[in-house]
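Undergrad: Shown below is the structure under consideration.
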Amino acid sequence: MNTMLLCLIYITKMATQDEFPFPNIANEFQQIEKKFTKYEVILSPDKDEPEWWAGAPSVVQDKEGTFWLACRMRTAEGQRGFRGYEIRILKSKDGVHFNKVKSILREQIPVPGFERPAMVIDPVTKKFKLYTCAPNNDGIWSILKFDDVDTPEQFQPETAKRIILPPEKRFERDIRPRGYKDPVIFINDGTYHCYTIGYIRENEWIFHFTSEDGEVWKSVGDVNEPIMNLNGWHNFFVRPASILPIGVGYLFIYEGANTKWYDPVYNIATGLGFTFDLHNIIDLTPNSPFLISNTPGDMFTTFRYSHWLWVHNEIWVYAEVVCPNRTHEIRLYKIKK
């Protein structure tokens, strides 16, 4: 399998890059980067103006072969970090041409804003589950879940409830995660895995939770301990993106930013890891990003919130990618064997 071969190549030959004045990909990955030049635009923002974004895609394919996509729509107006105004759900027969079937607005919950949603199909009940994240009125982020439904058009905003919240302090001077956001949900052998950003002070790390039913979650390991470090090219923060089974293990797709980049809060690139057990991650791209936008603007090269899945023996990658005018759109890249 080509993907497995790539893993071995990355493990034995990692990129090197000493300076990070602007998001860049080291020479070792340039040939692979060319596979991400052709794409389909899945969804554009509601306005073709800077800071209007369509992004954070989560995609499932049901037993009839229908594709369902949940995403976050973002306005340029208001306080940064609270501009996600809608979770939009779309439907497609071919995974390329989507039609909107449902809209959940932040005012309907109500919450100050949304970020990344995650949609999965329960392997037992076959019902659809939808997760997202939002802050409370104090600005503390947590993971939310809507009631399960038979088809995504039926998700109801009033059913949203908080299911993964920041842990209570044990001692007055404890430093514990003060919020969680951007869930990545992966189901393996009947166990639900949630990878989420956790804030410790002002840093963003990856934390891992599991569940038997997708409702009640527990931390894997110590609740204060993240599963990847801030180092190399991702020394500003590191975030989860997607999980892709590859037979002998799993690709762990992550994203991050560097302290030397312009506006590293939003100038985000994508890297690759590998895991056998879905918890211990080998960083395959520690010194250079694996993917950045092939349509960068004057300051941003963002390629983030990607969702990877197997379709017809190809790897399909849905991602939020920056355009030259600083809008973001959802794109589909198809990686053939």
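We name chains A, B, ... following the order of the structure tokens; residues begin at 1 in each chain, and ligands are numbered from 1 as shown.
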What are the closest atom pairs, with distances in Å to one decimal, for each residue of range 118-159 of chain A lying within 9 Å of range 70-92 of chain A, using only C-alpha atoms, rows by chain and rising residue number, as a tab-separated table?
TA:
residue	atom	partner	partner_atom	distance
A:Ala118	CA	A:Ala70	CA	7.0
A:Met119	CA	A:Ala70	CA	6.7
A:Leu130	CA	A:Ala70	CA	8.4
A:Thr132	CA	A:Ile87	CA	8.5
A:Ala134	CA	A:Phe82	CA	8.6
A:Pro135	CA	A:Phe82	CA	8.3
A:Pro152	CA	A:Ile89	CA	7.3
A:Glu153	CA	A:Ile89	CA	7.6
Undergrad: Mind pulling up the distance from CA of Gly198 in chain A to CA of Ile140 in chain A?
TA: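 Distance reported for this atom pair: 11.0 Å.
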Undergrad: Find the spatial neighbours of range 209-214 of chain A, counting only C-alpha atoms, within a cut-off of 12 Å - ignore same-chain residues fewer than 4 positions away - and output them as a compact mmCIF listing (two decimals) with N, CA and C atoms, in the first residue's frame.
TA:
# COMPACT_ATOMS: atom_id res chain seq x y z
N ALA A 118 -17.91 17.70 14.26
CA ALA A 118 -17.50 16.33 13.92
C ALA A 118 -18.75 15.47 13.82
N MET A 119 -18.91 14.80 12.69
CA MET A 119 -20.08 13.95 12.46
C MET A 119 -19.62 12.51 12.23
N VAL A 120 -20.29 11.56 12.88
CA VAL A 120 -19.98 10.14 12.71
C VAL A 120 -21.29 9.36 12.68
N ILE A 121 -21.20 8.10 12.25
CA ILE A 121 -22.34 7.18 12.26
C ILE A 121 -22.09 6.11 13.31
N ASP A 122 -23.02 5.95 14.23
CA ASP A 122 -22.88 4.94 15.28
C ASP A 122 -22.87 3.56 14.64
N PRO A 123 -21.85 2.72 14.91
CA PRO A 123 -21.76 1.41 14.27
C PRO A 123 -22.84 0.43 14.70
N VAL A 124 -23.48 0.67 15.84
CA VAL A 124 -24.51 -0.24 16.35
C VAL A 124 -25.89 0.24 15.94
N THR A 125 -26.22 1.47 16.27
CA THR A 125 -27.57 1.99 16.01
C THR A 125 -27.75 2.50 14.58
N LYS A 127 -27.33 5.40 13.71
CA LYS A 127 -27.77 6.78 13.77
C LYS A 127 -26.57 7.73 13.59
N PHE A 128 -26.88 8.95 13.19
CA PHE A 128 -25.86 9.97 13.02
C PHE A 128 -25.65 10.71 14.34
N LYS A 129 -24.38 10.98 14.65
CA LYS A 129 -24.02 11.76 15.82
C LYS A 129 -23.29 13.02 15.33
N LEU A 130 -23.61 14.13 15.96
CA LEU A 130 -22.98 15.40 15.62
C LEU A 130 -22.44 16.06 16.88
N TYR A 131 -21.15 16.40 16.81
CA TYR A 131 -20.45 17.10 17.89
C TYR A 131 -19.97 18.45 17.38
N ILE A 143 -16.77 20.77 24.58
CA ILE A 143 -17.29 19.97 23.47
C ILE A 143 -18.78 19.74 23.68
N LEU A 144 -19.57 19.97 22.64
CA LEU A 144 -21.02 19.81 22.69
C LEU A 144 -21.45 18.65 21.79
N LYS A 145 -22.59 18.06 22.11
CA LYS A 145 -23.16 17.00 21.28
C LYS A 145 -24.67 17.22 21.14
N PHE A 146 -25.17 16.95 19.94
CA PHE A 146 -26.61 17.00 19.68
C PHE A 146 -27.19 15.59 19.80
N ASP A 147 -28.48 15.48 20.00
CA ASP A 147 -29.13 14.17 20.06
C ASP A 147 -28.98 13.46 18.72
N ASP A 148 -28.83 12.12 18.80
CA ASP A 148 -28.68 11.30 17.60
C ASP A 148 -29.94 11.36 16.73
N ILE A 163 -20.53 17.89 26.81
CA ILE A 163 -20.17 16.53 27.21
C ILE A 163 -18.71 16.39 27.66
N ILE A 164 -17.81 17.26 27.17
CA ILE A 164 -16.42 17.25 27.64
C ILE A 164 -16.10 18.67 28.09
N LEU A 165 -15.94 18.84 29.40
CA LEU A 165 -15.72 20.15 30.00
C LEU A 165 -14.35 20.18 30.66
N TYR A 180 -11.72 23.07 26.01
CA TYR A 180 -11.49 22.12 24.92
C TYR A 180 -12.26 22.58 23.69
N PRO A 183 -13.18 19.12 18.17
CA PRO A 183 -13.11 17.66 18.34
C PRO A 183 -12.89 16.93 17.02
N VAL A 184 -12.07 15.89 17.08
CA VAL A 184 -11.91 14.92 15.99
C VAL A 184 -12.38 13.59 16.56
N ILE A 185 -13.45 13.03 16.01
CA ILE A 185 -14.04 11.80 16.53
C ILE A 185 -13.73 10.65 15.58
N PHE A 186 -13.21 9.56 16.14
CA PHE A 186 -12.85 8.38 15.35
C PHE A 186 -13.33 7.16 16.10
N ILE A 187 -14.02 6.24 15.41
CA ILE A 187 -14.54 5.03 16.03
C ILE A 187 -13.72 3.84 15.57
N ASN A 188 -13.22 3.06 16.52
CA ASN A 188 -12.38 1.91 16.20
C ASN A 188 -12.75 0.74 17.09
N ASP A 189 -13.18 -0.37 16.47
CA ASP A 189 -13.56 -1.58 17.21
C ASP A 189 -14.57 -1.27 18.32
N GLY A 190 -15.53 -0.42 18.00
CA GLY A 190 -16.59 -0.12 18.95
C GLY A 190 -16.26 0.93 19.99
N THR A 191 -15.01 1.40 20.02
CA THR A 191 -14.61 2.44 20.97
C THR A 191 -14.53 3.78 20.26
N TYR A 192 -15.12 4.78 20.89
CA TYR A 192 -15.05 6.15 20.38
C TYR A 192 -13.77 6.82 20.90
N HIS A 193 -13.07 7.50 20.00
CA HIS A 193 -11.91 8.29 20.38
C HIS A 193 -12.19 9.74 20.02
N CYS A 194 -11.93 10.63 20.96
CA CYS A 194 -12.04 12.07 20.71
C CYS A 194 -10.69 12.72 20.95
N TYR A 195 -10.15 13.35 19.91
CA TYR A 195 -8.94 14.14 20.02
C TYR A 195 -9.36 15.60 19.96
N THR A 196 -8.89 16.38 20.89
CA THR A 196 -9.37 17.75 20.99
C THR A 196 -8.24 18.68 21.40
N ILE A 197 -8.35 19.93 20.99
CA ILE A 197 -7.45 20.95 21.50
C ILE A 197 -7.77 21.19 22.97
N GLY A 198 -6.74 21.25 23.79
CA GLY A 198 -6.89 21.66 25.17
C GLY A 198 -5.99 22.84 25.45
N LYS A 218 -13.97 9.69 29.01
CA LYS A 218 -12.94 9.72 30.04
C LYS A 218 -11.59 9.99 29.39
N SER A 219 -10.73 10.66 30.14
CA SER A 219 -9.40 10.98 29.65
C SER A 219 -8.56 9.71 29.54
N VAL A 220 -7.77 9.62 28.48
CA VAL A 220 -6.79 8.54 28.34
C VAL A 220 -5.49 9.03 28.98
N GLY A 221 -5.10 8.39 30.07
CA GLY A 221 -3.94 8.88 30.81
C GLY A 221 -4.32 10.07 31.68
N ASP A 222 -3.32 10.76 32.16
CA ASP A 222 -3.55 11.91 33.03
C ASP A 222 -4.23 13.03 32.26
N VAL A 223 -5.23 13.65 32.87
CA VAL A 223 -6.02 14.68 32.19
C VAL A 223 -5.17 15.90 31.83
N ASN A 224 -4.02 16.08 32.48
CA ASN A 224 -3.14 17.21 32.21
C ASN A 224 -2.09 16.92 31.14
N GLU A 225 -2.03 15.68 30.66
CA GLU A 225 -0.92 15.29 29.79
C GLU A 225 -1.35 15.21 28.32
N PRO A 226 -0.81 16.08 27.46
CA PRO A 226 -1.12 16.01 26.03
C PRO A 226 -0.38 14.87 25.36
N ILE A 227 -0.74 14.58 24.09
CA ILE A 227 -0.13 13.43 23.41
C ILE A 227 0.88 13.84 22.34
N LEU A 278 -3.36 4.42 18.71
CA LEU A 278 -4.25 5.58 18.72
C LEU A 278 -4.00 6.52 19.90
N HIS A 279 -2.85 6.36 20.56
CA HIS A 279 -2.52 7.26 21.66
C HIS A 279 -1.07 7.74 21.60
Undergrad: Determine the nearest neighbour of Lys260 in chain A from the options A:Ile281, A:Asn235, A:Lys38, A:Val248, counting only C-alpha atoms.
TA: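 For Lys260 in chain A, the nearest of the given residues is A:Asn235.
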Undergrad: Residues of range 92-240 of chain A classed as strand (DSSP E) by DSSP on the backbone are to be reported as a ChimeraX atom specification.
TA: /A:92,99-105,118-121,128-135,141-145,161-164,180-188,191-200,203-211,218-219,237-240
Undergrad: How close does each residue of range 6-120 of chain A get to range 322-335 of chain A, giving the shortest atom pair and distance in Å to one decimal for every residue with an atom at most 10 Å away, counting only C-alpha atoms, sorted by chain and residue number, as a Markdown table?
TA:
| residue | atom | partner | partner_atom | distance |
| --- | --- | --- | --- | --- |
| A:Lys35 | CA | A:Ile335 | CA | 6.7 |
| A:Phe36 | CA | A:Tyr333 | CA | 6.2 |
| A:Thr37 | CA | A:Tyr333 | CA | 8.0 |
| A:Lys38 | CA | A:Tyr333 | CA | 6.5 |
| A:Tyr39 | CA | A:Tyr333 | CA | 4.8 |
| A:Glu40 | CA | A:Leu332 | CA | 5.1 |
| A:Val41 | CA | A:Arg331 | CA | 4.5 |
| A:Ile42 | CA | A:Arg331 | CA | 5.3 |
| A:Leu43 | CA | A:Ile330 | CA | 5.1 |
| A:Ser44 | CA | A:Glu329 | CA | 4.8 |
| A:Pro45 | CA | A:Glu329 | CA | 6.3 |
| A:Lys47 | CA | A:Thr327 | CA | 8.6 |
| A:Asp48 | CA | A:Thr327 | CA | 6.7 |
| A:Glu49 | CA | A:Thr327 | CA | 6.2 |
| A:Pro50 | CA | A:Arg326 | CA | 4.7 |
| A:Glu51 | CA | A:Thr327 | CA | 5.4 |
| A:Trp52 | CA | A:Thr327 | CA | 5.3 |
| A:Trp53 | CA | A:His328 | CA | 4.4 |
| A:Ala54 | CA | A:Glu329 | CA | 5.0 |
| A:Gly55 | CA | A:Ile330 | CA | 5.4 |
| A:Ala56 | CA | A:Ile330 | CA | 7.8 |
| A:Pro57 | CA | A:Ile330 | CA | 7.1 |
| A:Cys71 | CA | A:Ile330 | CA | 8.8 |
| A:Met73 | CA | A:Glu329 | CA | 9.8 |
| A:Arg74 | CA | A:His328 | CA | 9.2 |
| A:Ala76 | CA | A:Thr327 | CA | 9.4 |
| A:Gly95 | CA | A:Leu332 | CA | 8.8 |
| A:Val96 | CA | A:Leu332 | CA | 7.5 |
Undergrad: Give me, as a tab-separated table, the closest atom pair and its distance (Å, one decimal) for every residue of range 124-233 of chain A within a cut-off of 9 Å of range 107-114 of chain A, counting only C-alpha atoms, rows sorted by chain and rising number.
TA:
residue	atom	partner	partner_atom	distance
A:Thr132	CA	A:Phe114	CA	7.2
A:Cys133	CA	A:Phe114	CA	6.0
A:Ala134	CA	A:Phe114	CA	5.0
A:Pro135	CA	A:Pro112	CA	6.5
A:Asn136	CA	A:Val111	CA	6.4
A:Asn137	CA	A:Pro112	CA	7.0
A:Gly139	CA	A:Pro112	CA	8.3
A:Pro157	CA	A:Ile109	CA	5.5
A:Glu158	CA	A:Ile109	CA	5.8
A:Thr159	CA	A:Ile109	CA	8.3
A:Ala160	CA	A:Ile109	CA	6.9
Undergrad: Keeping N, CA and C atoms for every residue in the selection just given, could you write it to a file as a PDB file, in the first residue's frame?
TA:
ATOM      1  N   THR A 132     -19.752  19.374  18.285  1.00  0.00           N
ATOM      2  CA  THR A 132     -19.119  20.636  17.934  1.00  0.00           C
ATOM      3  C   THR A 132     -18.471  21.192  19.187  1.00  0.00           C
ATOM      4  N   CYS A 133     -18.043  22.432  19.131  1.00  0.00           N
ATOM      5  CA  CYS A 133     -17.466  23.087  20.300  1.00  0.00           C
ATOM      6  C   CYS A 133     -17.917  24.532  20.316  1.00  0.00           C
ATOM      7  N   ALA A 134     -18.032  25.082  21.506  1.00  0.00           N
ATOM      8  CA  ALA A 134     -18.480  26.460  21.658  1.00  0.00           C
ATOM      9  C   ALA A 134     -18.100  26.949  23.046  1.00  0.00           C
ATOM     10  N   PRO A 135     -17.918  28.259  23.188  1.00  0.00           N
ATOM     11  CA  PRO A 135     -17.649  28.815  24.517  1.00  0.00           C
ATOM     12  C   PRO A 135     -18.940  29.115  25.260  1.00  0.00           C
ATOM     13  N   ASN A 136     -18.843  29.173  26.585  1.00  0.00           N
ATOM     14  CA  ASN A 136     -19.968  29.691  27.351  1.00  0.00           C
ATOM     15  C   ASN A 136     -19.832  31.209  27.427  1.00  0.00           C
ATOM     16  N   ASN A 137     -20.664  31.842  28.188  1.00  0.00           N
ATOM     17  CA  ASN A 137     -20.634  33.304  28.259  1.00  0.00           C
ATOM     18  C   ASN A 137     -19.371  33.854  28.913  1.00  0.00           C
ATOM     19  N   GLY A 139     -16.455  32.640  28.042  1.00  0.00           N
ATOM     20  CA  GLY A 139     -15.396  32.379  27.068  1.00  0.00           C
ATOM     21  C   GLY A 139     -14.694  31.054  27.256  1.00  0.00           C
ATOM     22  N   PRO A 157     -31.039  22.016  17.176  1.00  0.00           N
ATOM     23  CA  PRO A 157     -30.122  22.834  17.983  1.00  0.00           C
ATOM     24  C   PRO A 157     -30.426  22.801  19.469  1.00  0.00           C
ATOM     25  N   GLU A 158     -31.702  22.703  19.847  1.00  0.00           N
ATOM     26  CA  GLU A 158     -32.065  22.762  21.267  1.00  0.00           C
ATOM     27  C   GLU A 158     -31.607  21.533  22.046  1.00  0.00           C
ATOM     28  N   THR A 159     -31.139  20.480  21.353  1.00  0.00           N
ATOM     29  CA  THR A 159     -30.692  19.277  22.047  1.00  0.00           C
ATOM     30  C   THR A 159     -29.209  19.329  22.422  1.00  0.00           C
ATOM     31  N   ALA A 160     -28.498  20.378  22.027  1.00  0.00           N
ATOM     32  CA  ALA A 160     -27.058  20.457  22.293  1.00  0.00           C
ATOM     33  C   ALA A 160     -26.772  20.482  23.783  1.00  0.00           C
TER      34      ALA A 160
END
Undergrad: Give me, please, the distance in Å between CA of Trp261 in chain A and CA of Thr302 in chain A, quoted to one decimal.
TA: 11.3 Å
Undergrad: May I ask for the distance between CA of Ala257 in chain A and CA of Leu69 in chain A, given in Å to one decimal place?
TA: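 One can read the CA of Ala257 in chain A to CA of Leu69 in chain A distance as 26.2 Å.
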Undergrad: What are the closest atom pairs, with distances in Å to one decimal, for each residue of range 183-274 of chain A lying within 9 Å of range 23-26 of chain A, using only C-alpha atoms, rows by chain and rising residue number, as a tab-separated table?
TA:
residue	atom	partner	partner_atom	distance
A:Trp233	CA	A:Pro23	CA	8.9
A:Ala257	CA	A:Pro23	CA	8.2
A:Asn258	CA	A:Pro23	CA	8.1
A:Trp261	CA	A:Pro23	CA	6.6
A:Tyr262	CA	A:Pro23	CA	8.8
A:Asn267	CA	A:Pro23	CA	7.8
A:Ile268	CA	A:Pro23	CA	8.1
A:Ala269	CA	A:Pro23	CA	7.2
Undergrad: Take the residues from that selection and put them in a file with N, CA and C atoms, as an mmCIF file, in the first residue's frame.
TA:
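So part.cif came out as:
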data_model
loop_
_atom_site.group_PDB
_atom_site.id
_atom_site.type_symbol
_atom_site.label_atom_id
_atom_site.label_comp_id
_atom_site.auth_asym_id
_atom_site.auth_seq_id
_atom_site.Cartn_x
_atom_site.Cartn_y
_atom_site.Cartn_z
ATOM 1 N N TRP A 233 8.785 22.505 13.890
ATOM 2 C CA TRP A 233 8.027 23.541 13.175
ATOM 3 C C TRP A 233 6.725 23.907 13.882
ATOM 4 N N ALA A 257 1.573 25.506 14.140
ATOM 5 C CA ALA A 257 2.128 26.777 13.694
ATOM 6 C C ALA A 257 3.438 27.021 14.425
ATOM 7 N N ASN A 258 4.200 27.987 13.910
ATOM 8 C CA ASN A 258 5.525 28.280 14.442
ATOM 9 C C ASN A 258 5.578 29.709 14.961
ATOM 10 N N TRP A 261 6.336 32.584 12.464
ATOM 11 C CA TRP A 261 5.437 32.910 11.361
ATOM 12 C C TRP A 261 4.600 34.142 11.677
ATOM 13 N N TYR A 262 4.156 34.807 10.629
ATOM 14 C CA TYR A 262 3.206 35.887 10.780
ATOM 15 C C TYR A 262 1.876 35.334 11.299
ATOM 16 N N ASN A 267 -2.197 31.268 10.856
ATOM 17 C CA ASN A 267 -1.317 30.820 9.778
ATOM 18 C C ASN A 267 -0.903 29.379 10.086
ATOM 19 N N ILE A 268 -1.735 28.449 9.682
ATOM 20 C CA ILE A 268 -1.659 27.074 10.170
ATOM 21 C C ILE A 268 -1.306 26.114 9.035
ATOM 22 N N ALA A 269 -0.412 25.178 9.316
ATOM 23 C CA ALA A 269 0.006 24.162 8.345
ATOM 24 C C ALA A 269 -0.335 22.776 8.881
#
Undergrad: Write out as a PyMOL selection string which residues come within 9 Å of Asp62 in chain A when counting only C-alpha atoms, dropping same-chain ones fewer than 3 positions away.
TA: chain A and resi 65-68+121+126
Undergrad: Could you save those same residues with C-alpha atoms as a JSON list (two decimals), in the first residue's frame?
TA:
[["chain", "number", "residue", "atom", "x", "y", "z"],
["A", 65, "GLY", "CA", -23.04, 5.65, -0.47],
["A", 66, "THR", "CA", -24.40, 9.14, 0.21],
["A", 67, "PHE", "CA", -21.88, 11.69, 1.49],
["A", 68, "TRP", "CA", -22.79, 14.02, 4.35],
["A", 121, "ILE", "CA", -22.34, 7.18, 12.26],
["A", 126, "LYS", "CA", -26.60, 3.38, 12.56]]
